[in-house]
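> Handing you this structure, nothing more for now.
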Number of protein chains: 2
Amino acid sequence: MPKPDRPQQDSASYRAKKQFFDSLLTVYGRKPVLEALRDPAVKLFRLHLAESNKPAGILDEILGIAKSQGADIQHHDRKALSRISKNSKQDQGVAADLQCKAYQSLEQFLSQPPRADFRLLALDRITNPQNLGMIIRSACAGNVDGILLPQKGGAQIDALVIKASAGTVFRAPIIHCPTLPEALAKLREAGATICALSSHARQTLGDFNPSGGSVYVLGNETEGVSTETAKHCNHQLSIPMNNGVESLNVAVTAALIAFQDAI
Amino acid sequence: MPKPDRPQQDSASYRAKKQFFDSLLTVYGRKPVLEALRDPAVKLFRLHLAESNKPAGILDEILGIAKSQGADIQHHDRKALSRISKNSKQDQGVAADLQCKAYQSLEQFLSQPPRADFRLLALDRITNPQNLGMIIRSACAGNVDGILLPQKGGAQIDALVIKASAGTVFRAPIIHCPTLPEALAKLREAGATICALSSHARQTLGDFNPSGGSVYVLGNETEGVSTETAKHCNHQLSIPMNNGVESLNVAVTAALIAFQDAI
C-alpha cells in the first residue's frame, strides 16, 4: 500500500503545509467515520482515537481500514480528542482527518478555478442539518462548481448532515472559508457576480445570464440573508412562485439553481 | 355572515352530496386546525369537538372563528371523534372539515381539467411527512396542476406535513384518490402519459415534450416506484446527475419537475 500524500517535513514551506492541512475534512462519530472510510473517494490521512475507548467491533473495523490504508493512527486522552473533534458529545471517541478530492479552501479554489464562468452556492447561516445535507446532495448531483461553507455561524458536517446528504458529502465540491462576508469580498475582487436570492427581486433566476463567475447566496431558513452578507451582494434574483406562496425551502432553492440548465 | 355552501338536504342527489363531501379536507389537532382557520383560502364547514375537552384558550379561539364563519359545530364522545380524525393519538379532541378551494377528487379533476396539457405529480407511498410537506410546498409554488395523493399507503396530511409545507397545504392543488394504481389507470384512459422517474431511464426530463396531459410518478423514498404502480407507467424519465450521485431526494425531484420551465 502506498503511503498517503504528505508534505515533506524537512523541505515543505509553511504555506504548503497549511494548504495540505486546509484540505483535510475532519469527521467524528463511529458510524460516520466508518461510512466515510468505505467511500472510495475518501483517503484517510489520520485517525484519532480516545484512550478511554472500550473494545468494540466497529472500532476494529475502522482500525482495520486505517491500517490497510497506511494511515497515521493516534491515541489521545479524552480532552485532546474533544479539541480535535470539536464535539465531545457526539464524537464517541473517534475522529478522522480525511482527504476528500473535492474538499478545498477558497484560496485553493481561486488559485485554479475550474472555468471562467464558475457557479458557486454560498451558505449564509443555514442551521438545519437536514437542509445542509440536502443542499450538498443536490449541488453534488447538479451543475455547480462549489458549495461555499463558512466554518462559523451555521450547521457543520456531522452525522445528521452526512445522512441527509446520502453520503455525498465526501465527494461534493465543498469550499470551506472562515466567514462568508470575507469570502464574498474575495470572490467579488476576483470578478464574480454575487447574487442574493430574494422573493422581492425583479430579475428572475431564468433571466440572469452572468458573463463571468457567479455566486448564489442562500440565506438562513428564518431570517434570510444577513445584513452583513447582503453588503457584499451586487445582484438580486427571484424565483417566480404561484398561488401566493411566499418562499421555497432553502434546499429546494439550491436544487433549482444547481439544475437550472439541466432540466 | 353567509352560511357555508352545503348541498340542499331535500333536493340534492346522492351524487352531488358525495361530490361535496369528497371536496372536504379533514385536519385534526388544535394548532393545525387553528392555523387552517386563519388561512383566508380556507372555509370551515364543520368543527368536531370531543365532549371530554377541558377548557383551553386555543379551543375558545377555534370556536370563535367557527361561530363567526357560521360553521356547523358538533360534539362527540371520544370514540366517535377518533373515527372522524382517524388519529386518536394526535387529534387532541379537535377535528375540522375544511373547504379548500384547490382540494378535490380525481373525478372532479377529470371532469374539468384546467388545460389539455395538464401536469400532475403522483405520489407512490411517500412515507416521510417532511418530504410530503416539501413536495406540496414546491408543487404549490411551481407549475403543476395537481398533486395526486392516495388515501392509503403513504403519509397523510397531519401536523408535521402542514408545518413542512409552510402552511401551503390549504391552497395547494391536492387531488385525492383511494389508491394510486386505480387513479393512474383512469388518467391513462383519459389520454395522459404516465411517467415514472427512474435514474436508469434513457430519456431525460428536459427532453420530454408531452403532447397531452402528463403525470410524473414519484416513488417511495427507499424502494422507488412499486411494481403495481409501475405497470401503469408508459414512459420512463431520468434527471441527469453528476459526480456519481445515484439519486435525489424525492422532494427535490418534485421541485425540479414543478419548476422545469420556470427557471
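FYI, nothing fancy with the C-alpha cells labels: chains A, B, ... in order, residues from 1 per chain, ligands from 1 as they appear.
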Pick out the residues sitting within 8 Å of range 241-245 of chain A, and hand them over as a list in words; count only C-alpha atoms, and ignore anything fewer than 4 positions along from it in its own chain.
Arg137, Cys140, Ala141, Gly142, Asn143, Thr168, Arg171 and Ala172 of chain B
> Go ahead and save the residues from that selection, with C-alpha atoms, as a PDB file, in the first residue's frame.

ATOM      1  CA  ARG B 137     -44.936  23.497  -0.909  1.00  0.00           C
ATOM      2  CA  CYS B 140     -47.969  24.747  -4.987  1.00  0.00           C
ATOM      3  CA  ALA B 141     -45.348  27.375  -5.855  1.00  0.00           C
ATOM      4  CA  GLY B 142     -44.383  25.804  -9.171  1.00  0.00           C
ATOM      5  CA  ASN B 143     -46.190  24.831 -12.335  1.00  0.00           C
ATOM      6  CA  THR B 168     -49.371  25.813   1.732  1.00  0.00           C
ATOM      7  CA  ARG B 171     -54.153  26.297  -1.039  1.00  0.00           C
ATOM      8  CA  ALA B 172     -52.246  23.530  -2.862  1.00  0.00           C
TER       9      ALA B 172
END
> Hey, list the chain B side of the contact with chain A: 10 Å cut-off, only C-alpha atoms, answer as an MDAnalysis selection string.
chainID B and resid 134:135 137:144 164:168 171:173 204:208 238:249 251:257 259:263
> Do a neighbour search on Thr193 in chain A at 10 Å with only C-alpha atoms, toss out local chain neighbours closer than 3 positions, and write the hits as a ChimeraX atom specification.
/A:119,184,187-190,196,210-216,232-235
> Kindly indicate which residue among B:Ile126, B:Ala192, B:Ala36, B:Ala201 lies nearest to Val225 in chain B, using only C-alpha atoms for the distances.
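Among the listed residues, B:Ile126 lies closest to Val225 in chain B.
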> Excluding Gly219 in chain A and residues on its chain fewer than 5 positions from it, collect all residues at most 10 Å away from it, counting only C-alpha atoms, and give them as a PyMOL selection string.
chain A and resi 122-127+196-198+224-226+229-230+250
> Please extract the residues of range 74-229 of chain A with a backbone DSSP assignment of alpha helix (DSSP H) and present them as a VMD selection string.
chain A and resid 78 to 85 106 to 111 129 to 141 159 to 164 180 to 189 227 to 229
> Among range 46-197 of chain B, which ones does DSSP place in strand (DSSP E), written as a ChimeraX atom specification?
/B:46-50,72-76,94-100,104-105,119-123,146-150,174-177,193-197
> Please list as a list of chain:residue names every residue within 10 Å of Arg46 in chain A, counting only C-alpha atoms and excluding residues in the same chain fewer than 5 positions away.
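Near Arg46 in chain A, the qualifying residues are A:Pro4, A:Leu24, A:Thr26, A:Ala66, A:Gly70, A:Ala71, A:Asp72, A:Ile73, A:Gln74, A:Ala95, A:Ala96, A:Asp97, A:Leu98, A:Gln99.
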> I'd like the contact shell of Gln156 in chain B - 8 Å cut-off, only C-alpha atoms, skipping same-chain residues fewer than 5 positions apart - returned as a ChimeraX atom specification.
/B:129,151,161
> With distances taken over only C-alpha atoms, which residue among A:Lys231, A:Glu221, A:Ala102, A:Leu47 lies nearest Leu63 in chain A?
A:Leu47
> Fewer than 3 positions away in the same chain doesn't count, so skip those; otherwise give me all residues within 7 Å of Gly146 in chain A, counting only C-alpha atoms, as an mmCIF file with N, CA, C and O atoms, in the first residue's frame.

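So the final result, stored in selection.cif, reads:
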data_model
loop_
_atom_site.group_PDB
_atom_site.id
_atom_site.type_symbol
_atom_site.label_atom_id
_atom_site.label_comp_id
_atom_site.auth_asym_id
_atom_site.auth_seq_id
_atom_site.Cartn_x
_atom_site.Cartn_y
_atom_site.Cartn_z
ATOM 1 N N LEU A 120 -21.109 29.092 -7.984
ATOM 2 C CA LEU A 120 -20.999 28.625 -6.603
ATOM 3 C C LEU A 120 -22.299 28.870 -5.847
ATOM 4 O O LEU A 120 -22.993 29.854 -6.096
ATOM 5 N N LEU A 121 -22.610 27.979 -4.917
ATOM 6 C CA LEU A 121 -23.640 28.262 -3.916
ATOM 7 C C LEU A 121 -22.903 28.756 -2.672
ATOM 8 O O LEU A 121 -21.853 28.213 -2.329
ATOM 9 N N PRO A 173 -18.197 19.084 -4.019
ATOM 10 C CA PRO A 173 -17.220 20.180 -4.121
ATOM 11 C C PRO A 173 -17.463 21.231 -3.040
ATOM 12 O O PRO A 173 -18.024 22.291 -3.313
ATOM 13 N N ILE A 174 -17.020 20.917 -1.821
ATOM 14 C CA ILE A 174 -17.242 21.839 -0.707
ATOM 15 C C ILE A 174 -16.026 22.761 -0.566
ATOM 16 O O ILE A 174 -14.887 22.301 -0.567
ATOM 17 N N ILE A 175 -16.307 24.054 -0.503
ATOM 18 C CA ILE A 175 -15.244 25.050 -0.350
ATOM 19 C C ILE A 175 -15.394 25.664 1.031
ATOM 20 O O ILE A 175 -16.405 26.309 1.317
#
